[in-house]
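Visitor: Would you mind keeping the following structure in view while I ask a few things?
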Amino acid sequence: MATRFDEIMGRRGEIMRGALGMDYSRFERSPVAFDYEAMMTDHGYSLDDMKRIQAAAGVGDTPLLELRNMTDLGRSMAEPGKGARIFVKDEAANLAGAFKDRRASISIHVAKEKGYEGVIAATSGNYGAAVASQAARYGLKCIICQETYDSRKVGQPEIVEKARICEAFGAEVVQMTVGPELFFHMLELLDETGYFAASLYSSFGVSGIETLGLEIAGEMKERTGAYPTAVVATHAGGGNTTGTARGLKRAGATETQIVSASVDLSGLHMASDRDFNRKSFTTGHTGFGVPFATWPDRADVPRNAARPLRYMDRYLTVTQGEVFYATEALVKLEGLERGPAGNTAIAAAVSLARELPREATIVVQETEYTGAGKHHWAQLNFAREMGVAVRSGDPTENKPGEVIVIPERPEQIRAKDFDLARMRKSYVRNALKAAPEGYAPTADDLAFLAADTNSDVAAVEGIVAELAEA
Amino acid sequence: MSDAERVRRGDWVEVQRTILDPSQRSGNLPPETAEKPLLMWVKGFAEADGALGDEMTVETMTGRRVSGVLSAINPGYFHTFGNPIPELVHVGVDLRARLSAYRETEKGGA
């Protein structure tokens, strides 16, 4: 007899089709390739339309701040002639306090237009607050499914705060213990309610971030006379990198380097009841960043609109201690109390600035609201309670889940390059694995894989040949 | 039982429900997760009088009716900032001093 779990998972495609109001099969070209651009523009909204929708929703046009003190901090430790100017887009100024409002504003607008009574999203992050806030404005009901607690009902303060803010906006928050079956329960709820699936990974949400790239390109051109040299995005599921990069390119900033940054959480298992409360980060970490970049279609939609490998020029990782140090530096030097998880890109930018010439510019493309629980002090105090050691020292000794090492000096902040070639290979392996056994990729498939990994057909052919030999 | 552990119909409460028993959970979970049930908590208005630990049905914010064990009454939020972090308290002073020194050198060198 089929279990409830099997029954619901077996109807996954049908439930999601109804809940997204969109048939993804129209974009499929083969078991490997699909028409990404057609999917992204299927909603029919131009960038101007999205700007209008967002302006009416209290979203967008956030301040672009130059961090002069952080820039000089970088220069104080750089070789002569080096030390790029650092800017930050203060996305915390959006209605619910993060760039996620850009995603939610388009998703919820679509849900309202399509006549849904309510919306559901699975998220333990700022996206929940964004969806709940927009749903309140549009008069829609809202359920947020959140992985909140370990089996003892203990939760990271940052996630507990996010539950509070969702409830403050009138959402029903379904709080669960650790496990990927959160998705199963979300499907049950979609099936029960008939609500819209406000997925983080839908084309509505991800294209809503394009306005952020557009604003950065325009504002930097106006302020500095040029597009930014590099834009650094905190990277988890990939929407942030994807949407921002697409917006930059649509604005003409095609030479801007797209740098993704994650906190290194290697060694911790994302589905572990034990590790869950020893991460000290809720997002922006490699536990999401690597799997989602190397196989985006693991998401809750048939085809993920967030495809970060398409856009990434570099992927930097930083340690937990480096991010907490950078967060404290940002507060004390710039009067900007934000984060903590969203400040991953700040830590990476401090390191990157030292490599680049003084004339170069770096834009950290987001901040997020901070408050009780959602604060670097709260996360560090909680880490200690969970038995994680916190000490000063050399951040290379940081070991996720065991010891958080806070740098003693800013010179110790050194981002590491993650090997993109390895990620591309892993992506191609996963894409071929998803096709029927023995399927031979066509020329169109190879071209798709090349575009999806920001490489070329020859490189993809090389990977395919290598995988066939293995 | 004290009044603090009793609810009246219409009170704002939280119920706990088991979504999946360990035997029903998905494969490939680490053992420390696989051996635990998948639990869920949701808040709503009590549909009947009762006490902590009772089976209870609530009406949630979206109007759904969910049954479970009454796990909290008028549940609040007590997360905070906590104590200052000794490893971070000196950062601001250090960095400001460093910036001043750097800017002095720049002025001198220019």
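Naming scheme: A, B, ... for chains in displayed order of the structure tokens; residues 1 onward per chain; ligands 1 onward as shown.
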Produce a table with one row for each residue of chain B that has an atom at most 6 Å from any atom of chain A, each row naming the nearest atom pair and its distance in Å at one decimal; use only C-alpha atoms; arrange rows by chain and rising residue number; format as a Markdown table.

Guide:
| residue | atom | partner | partner_atom | distance |
| --- | --- | --- | --- | --- |
| B:Pro30 | CA | A:Ser272 | CA | 5.9 |
| B:Glu32 | CA | A:Asp273 | CA | 6.0 |
| B:Thr33 | CA | A:Asp273 | CA | 5.0 |
| B:Leu38 | CA | A:Thr177 | CA | 5.8 |
| B:Leu39 | CA | A:Thr177 | CA | 5.5 |
| B:Met40 | CA | A:Met176 | CA | 4.4 |
| B:Trp41 | CA | A:Gln175 | CA | 5.1 |
| B:Val42 | CA | A:Val174 | CA | 5.1 |
| B:Met61 | CA | A:Glu172 | CA | 5.3 |
| B:Thr62 | CA | A:Lys141 | CA | 5.7 |
| B:His79 | CA | A:Gly373 | CA | 5.2 |
| B:Thr80 | CA | A:Ala372 | CA | 4.5 |
| B:Phe81 | CA | A:Ala378 | CA | 4.6 |
| B:Gly82 | CA | A:Ala378 | CA | 5.7 |
| B:Glu87 | CA | A:Ser392 | CA | 5.8 |
| B:Gly92 | CA | A:Lys332 | CA | 5.1 |
| B:Tyr102 | CA | A:Ser76 | CA | 5.8 |

Visitor: Taking only stretch 152-315 of chain A into account, list the residues labelled helix (DSSP H, G or I) by DSSP (computed from the backbone), as a ChimeraX atom specification.

Guide: /A:157-168,182-193,203-207,210-224,239-251,275-278,286-294,296-298,308-310

Visitor: When DSSP is applied to the backbone of this structure, which of stretch 10-152 of chain A are assigned strand (DSSP E or B)? Write them out as a ChimeraX atom specification.

Guide: /A:28,34,64-66,82,85-89,118-122,141-149

Visitor: With distances taken over only C-alpha atoms, which residue among A:Glu411, A:Tyr227, A:Lys416, A:Asn430 lies nearest B:Leu95?

Guide: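 Of A:Glu411, A:Tyr227, A:Lys416, A:Asn430, the one nearest B:Leu95 is A:Glu411, counting only C-alpha atoms.
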
Visitor: Would you list the contacts of B:Arg9 as a ChimeraX atom specification, taking every protein, DNA or RNA residue within 9 Å and counting only C-alpha atoms, but skipping same-chain residues closer than 4 positions in sequence?

Guide: /B:45-50
